[in-house]
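Written out below as structure tokens is the structure these notes cover.
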Amino acid sequence: MSRLDLFINRMVSQRACLDHAAAMTRSMNGPVFELGLGNGRTYSHMVEKMPGRDIFVFERAVASHPSSTPPDDMLILGDVNETLIQALARFGATASLIHADLGGHNLEKNDAFARAVSPLIEPLLAQGGLMVSSDRMYFETLGEQPLPSDAVPGRCFIYG
Ligand SMILES: C[S@@+](CC[C@H](N)C(=O)[O-])C[C@H]1O[C@@H](n2cnc3c(N)ncnc32)[C@H](O)[C@@H]1O
């Protein structure tokens, strides 16, 4: 499979999983967390698909498209290894949806990072909430959930 195919599969799956998780958690009141702003493409999609829901963005260095940059009061700046711990003190287990797209091109590094941040993410999710990730996560209590039919297995994961 070409790198273009892999990229397209990842994007299609990311959108499908986000849309699915947004619909499944629509009735929940808790905040939504976007971990990794990047260019802001998934953030912009989440804003469009989840009107009225508070979307907090975790990012160490903002470099997003101006049209997809969150307002200052919804931005949690810094390394997620620190800001996720602070978020637990601030929000508790209230997040209705958490989306993580923190990885780069090195799959081994991404996997090691996913293992490291999994225990920091897990306690933030509210009962009934969903966590969507581009990488496999390593949770103790959350289990892998079925993917929507338009997602490609292995390119996106949903936990709850
Ligand atoms: C793949 S990009 C996200 C792309 C985004 N989903 C989009 O659609 O444009 C990953 C982002 O995660 C951020 N990131 C990676 N490691 C981080 C860390 N330890 N703390 C905070 N942000 C981090 C990077 O700065 C980068 O902006």
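In the structure tokens, each chain is lettered A, B, ... as it comes, each chain's residues begin at 1, and ligands are numbered from 1 in order of appearance.
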
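The residues of region 63-157 of chain A that DSSP assigns to alpha helix (DSSP H) on this backbone come out as Val80, Asn81, Glu82, Thr83, Leu84, Ile85, Gln86, Ala87, Leu88, Ala89, Arg90, Phe91, Leu107, Glu108, Lys109, Asn110, Asp111, Ala112, Phe113, Ala114, Arg115, Ala116, Val117, Ser118, Pro119, Leu120 and Ile121 of chain A.
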
Near-ligand residues for ligand 1, threshold 6 Å, only C-alpha atoms and all ligand atoms, as a ChimeraX atom specification: /A:36-42,59-61,78-80,101-104

Need the shell around Tyr138 (chain A): protein/DNA/RNA residues with any atom at most 12 Å away, counting only C-alpha atoms. Skip same-chain ones fewer than 3 positions apart. Format as a compact mmCIF listing (two decimals) with all heavy atoms, in the first residue's frame?
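What follows is the written file out-v5.txt:
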```txt
# COMPACT_ATOMS: atom_id res chain seq x y z
N ASP A 111 4.26 4.81 19.41
CA ASP A 111 3.77 3.75 20.29
C ASP A 111 4.28 3.98 21.72
O ASP A 111 3.51 3.84 22.69
CB ASP A 111 4.21 2.39 19.76
CG ASP A 111 3.60 1.26 20.56
OD1 ASP A 111 2.36 1.17 20.62
OD2 ASP A 111 4.36 0.46 21.15
N ALA A 112 5.53 4.35 21.85
CA ALA A 112 6.10 4.60 23.19
C ALA A 112 5.37 5.78 23.85
O ALA A 112 5.07 5.76 25.04
CB ALA A 112 7.59 4.88 23.09
N PHE A 113 5.08 6.79 23.04
CA PHE A 113 4.39 7.97 23.57
C PHE A 113 2.97 7.62 23.98
O PHE A 113 2.48 8.05 25.04
CB PHE A 113 4.40 9.08 22.50
CG PHE A 113 3.96 10.42 23.01
CD1 PHE A 113 4.58 11.01 24.09
CD2 PHE A 113 2.90 11.08 22.41
CE1 PHE A 113 4.16 12.24 24.57
CE2 PHE A 113 2.48 12.32 22.87
CZ PHE A 113 3.11 12.89 23.96
N ALA A 114 2.29 6.80 23.16
CA ALA A 114 0.92 6.37 23.49
C ALA A 114 0.91 5.60 24.81
O ALA A 114 0.01 5.78 25.64
CB ALA A 114 0.35 5.52 22.36
N ARG A 115 1.91 4.76 25.01
CA ARG A 115 1.99 4.02 26.29
C ARG A 115 2.17 4.98 27.46
O ARG A 115 1.59 4.81 28.52
CB ARG A 115 3.20 3.06 26.27
CG ARG A 115 2.97 1.82 25.47
CD ARG A 115 4.21 0.93 25.47
NE ARG A 115 4.09 -0.11 24.47
CZ ARG A 115 3.53 -1.29 24.69
NH1 ARG A 115 3.05 -1.59 25.88
NH2 ARG A 115 3.44 -2.19 23.72
N ALA A 116 3.00 6.02 27.25
CA ALA A 116 3.30 6.96 28.34
C ALA A 116 2.10 7.84 28.70
O ALA A 116 1.86 8.11 29.89
CB ALA A 116 4.50 7.84 27.96
N VAL A 117 1.32 8.27 27.69
CA VAL A 117 0.23 9.20 27.99
C VAL A 117 -1.10 8.50 28.31
O VAL A 117 -2.00 9.13 28.87
CB VAL A 117 0.01 10.27 26.89
CG1 VAL A 117 1.20 11.19 26.77
CG2 VAL A 117 -0.35 9.65 25.56
N SER A 118 -1.19 7.21 28.00
CA SER A 118 -2.46 6.50 28.27
C SER A 118 -2.92 6.65 29.72
O SER A 118 -4.09 6.98 29.98
CB SER A 118 -2.33 5.01 27.91
OG SER A 118 -2.31 4.86 26.51
N PRO A 119 -2.03 6.43 30.71
CA PRO A 119 -2.50 6.57 32.10
C PRO A 119 -2.84 8.00 32.50
O PRO A 119 -3.53 8.21 33.50
CB PRO A 119 -1.32 6.04 32.95
CG PRO A 119 -0.17 5.89 32.03
CD PRO A 119 -0.65 5.92 30.63
N LEU A 120 -2.39 8.98 31.71
CA LEU A 120 -2.74 10.38 32.00
C LEU A 120 -4.09 10.74 31.39
O LEU A 120 -4.81 11.61 31.89
CB LEU A 120 -1.65 11.33 31.46
CG LEU A 120 -0.22 11.04 31.89
CD1 LEU A 120 0.73 12.09 31.31
CD2 LEU A 120 -0.12 11.05 33.42
N ILE A 121 -4.43 10.07 30.29
CA ILE A 121 -5.69 10.35 29.59
C ILE A 121 -6.86 9.60 30.25
O ILE A 121 -7.95 10.16 30.43
CB ILE A 121 -5.57 9.94 28.09
CG1 ILE A 121 -4.57 10.85 27.38
CG2 ILE A 121 -6.93 9.96 27.41
CD1 ILE A 121 -4.23 10.41 25.96
N GLU A 122 -6.61 8.36 30.62
CA GLU A 122 -7.69 7.48 31.08
C GLU A 122 -8.55 8.08 32.19
O GLU A 122 -9.79 8.03 32.11
CB GLU A 122 -7.09 6.14 31.53
CG GLU A 122 -8.14 5.10 31.84
CD GLU A 122 -7.56 3.69 31.85
OE1 GLU A 122 -6.33 3.53 31.96
OE2 GLU A 122 -8.36 2.75 31.76
N MET A 131 -13.03 7.92 23.70
CA MET A 131 -11.70 8.41 23.37
C MET A 131 -11.34 7.92 21.98
O MET A 131 -11.42 6.72 21.69
CB MET A 131 -10.71 7.85 24.41
CG MET A 131 -9.38 8.55 24.46
SD MET A 131 -8.22 7.82 23.33
CE MET A 131 -7.05 9.14 23.15
N SER A 133 -8.44 7.85 18.94
CA SER A 133 -7.00 8.03 18.82
C SER A 133 -6.50 7.51 17.48
O SER A 133 -7.01 6.52 16.95
CB SER A 133 -6.30 7.27 19.95
OG SER A 133 -4.90 7.35 19.81
N ASP A 135 -3.48 6.41 17.32
CA ASP A 135 -2.56 5.34 17.74
C ASP A 135 -3.28 4.41 18.71
O ASP A 135 -4.17 4.83 19.44
CB ASP A 135 -1.34 5.95 18.47
CG ASP A 135 -0.51 6.80 17.53
OD1 ASP A 135 -0.01 6.26 16.53
OD2 ASP A 135 -0.39 8.02 17.78
N THR A 141 -8.77 0.30 32.13
CA THR A 141 -10.20 0.06 32.32
C THR A 141 -11.01 0.32 31.04
O THR A 141 -12.09 -0.25 30.89
CB THR A 141 -10.76 0.97 33.44
OG1 THR A 141 -10.47 2.32 33.11
CG2 THR A 141 -10.12 0.62 34.77
N LEU A 142 -10.51 1.16 30.15
CA LEU A 142 -11.27 1.44 28.92
C LEU A 142 -10.99 0.33 27.90
O LEU A 142 -9.86 -0.13 27.77
CB LEU A 142 -10.84 2.78 28.32
CG LEU A 142 -11.01 4.01 29.21
CD1 LEU A 142 -10.48 5.26 28.52
CD2 LEU A 142 -12.47 4.19 29.59
N GLY A 143 -12.04 -0.04 27.17
CA GLY A 143 -11.88 -1.10 26.17
C GLY A 143 -12.06 -0.57 24.76
O GLY A 143 -12.66 0.48 24.55
N GLU A 144 -11.51 -1.33 23.79
CA GLU A 144 -11.63 -0.93 22.39
C GLU A 144 -13.09 -1.09 21.95
O GLU A 144 -13.71 -2.11 22.22
CB GLU A 144 -10.72 -1.83 21.55
CG GLU A 144 -10.06 -1.06 20.43
CD GLU A 144 -9.02 -1.88 19.69
OE1 GLU A 144 -8.19 -2.55 20.34
OE2 GLU A 144 -9.04 -1.84 18.45
N PHE A 157 -8.63 4.36 16.37
CA PHE A 157 -9.11 3.51 17.46
C PHE A 157 -10.12 4.30 18.29
O PHE A 157 -9.98 5.51 18.45
CB PHE A 157 -7.94 3.10 18.37
CG PHE A 157 -6.86 2.35 17.63
CD1 PHE A 157 -5.84 3.03 16.96
CD2 PHE A 157 -6.87 0.96 17.60
CE1 PHE A 157 -4.85 2.35 16.27
CE2 PHE A 157 -5.89 0.25 16.91
CZ PHE A 157 -4.87 0.96 16.25
N ILE A 158 -11.12 3.58 18.82
CA ILE A 158 -12.09 4.21 19.72
C ILE A 158 -12.11 3.40 21.00
O ILE A 158 -12.19 2.16 20.96
CB ILE A 158 -13.50 4.25 19.11
CG1 ILE A 158 -13.50 5.02 17.77
CG2 ILE A 158 -14.48 4.92 20.08
CD1 ILE A 158 -14.87 5.08 17.09
N TYR A 159 -12.03 4.10 22.14
CA TYR A 159 -12.07 3.45 23.44
C TYR A 159 -13.19 4.04 24.29
O TYR A 159 -13.51 5.21 24.18
CB TYR A 159 -10.73 3.65 24.18
CG TYR A 159 -9.56 3.04 23.45
CD1 TYR A 159 -8.83 3.81 22.53
CD2 TYR A 159 -9.19 1.71 23.66
CE1 TYR A 159 -7.76 3.25 21.83
CE2 TYR A 159 -8.13 1.15 22.97
CZ TYR A 159 -7.41 1.93 22.05
OH TYR A 159 -6.37 1.37 21.36
```

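For Cys156 (chain A), the residues within 8 Å (counting only C-alpha atoms, excluding itself and residues fewer than 4 positions away along the chain) are Arg10, Ser13, Gln14, Cys17, Val132, Ser133, Ser134, Asp135, Arg136, Ala151 and Val152 of chain A.
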
Save the residues we just selected, C-alpha atoms, as a compact mmCIF listing (two decimals), in the first residue's frame?
```
# COMPACT_ATOMS: atom_id res chain seq x y z
CA ARG A 10 -5.91 7.66 8.19
CA SER A 13 -10.86 6.96 9.47
CA GLN A 14 -10.13 9.99 11.66
CA CYS A 17 -14.37 7.98 14.13
CA VAL A 132 -10.64 8.53 19.71
CA SER A 133 -7.00 8.03 18.82
CA SER A 134 -4.80 7.69 15.74
CA ASP A 135 -2.56 5.34 17.74
CA ARG A 136 -3.33 2.22 19.75
CA ALA A 151 -13.24 3.60 9.15
CA VAL A 152 -10.26 1.42 8.23
```

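Between CA of Ile8 (chain A) and CA of Lys49 (chain A) there is a distance of 20.3 Å.
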
- request: Please return as a list in words: the residues of region 4-101 of chain A that backbone DSSP assigns to strand (DSSP E or B).
  value: Val32, Phe33, Glu34, Leu35, Ile55, Phe56, Val57, Phe58, Glu59, Leu75, Ile76, Leu77, Ala95, Ser96, Leu97, Ile98, His99 and Ala100 of chain A

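For the pair CA of Val62 (chain A) and CA of Gly160 (chain A), the interatomic distance is 28.6 Å.
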
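What separates CA of Ile76 (chain A) from CA of Leu35 (chain A) is a distance of 9.5 Å.
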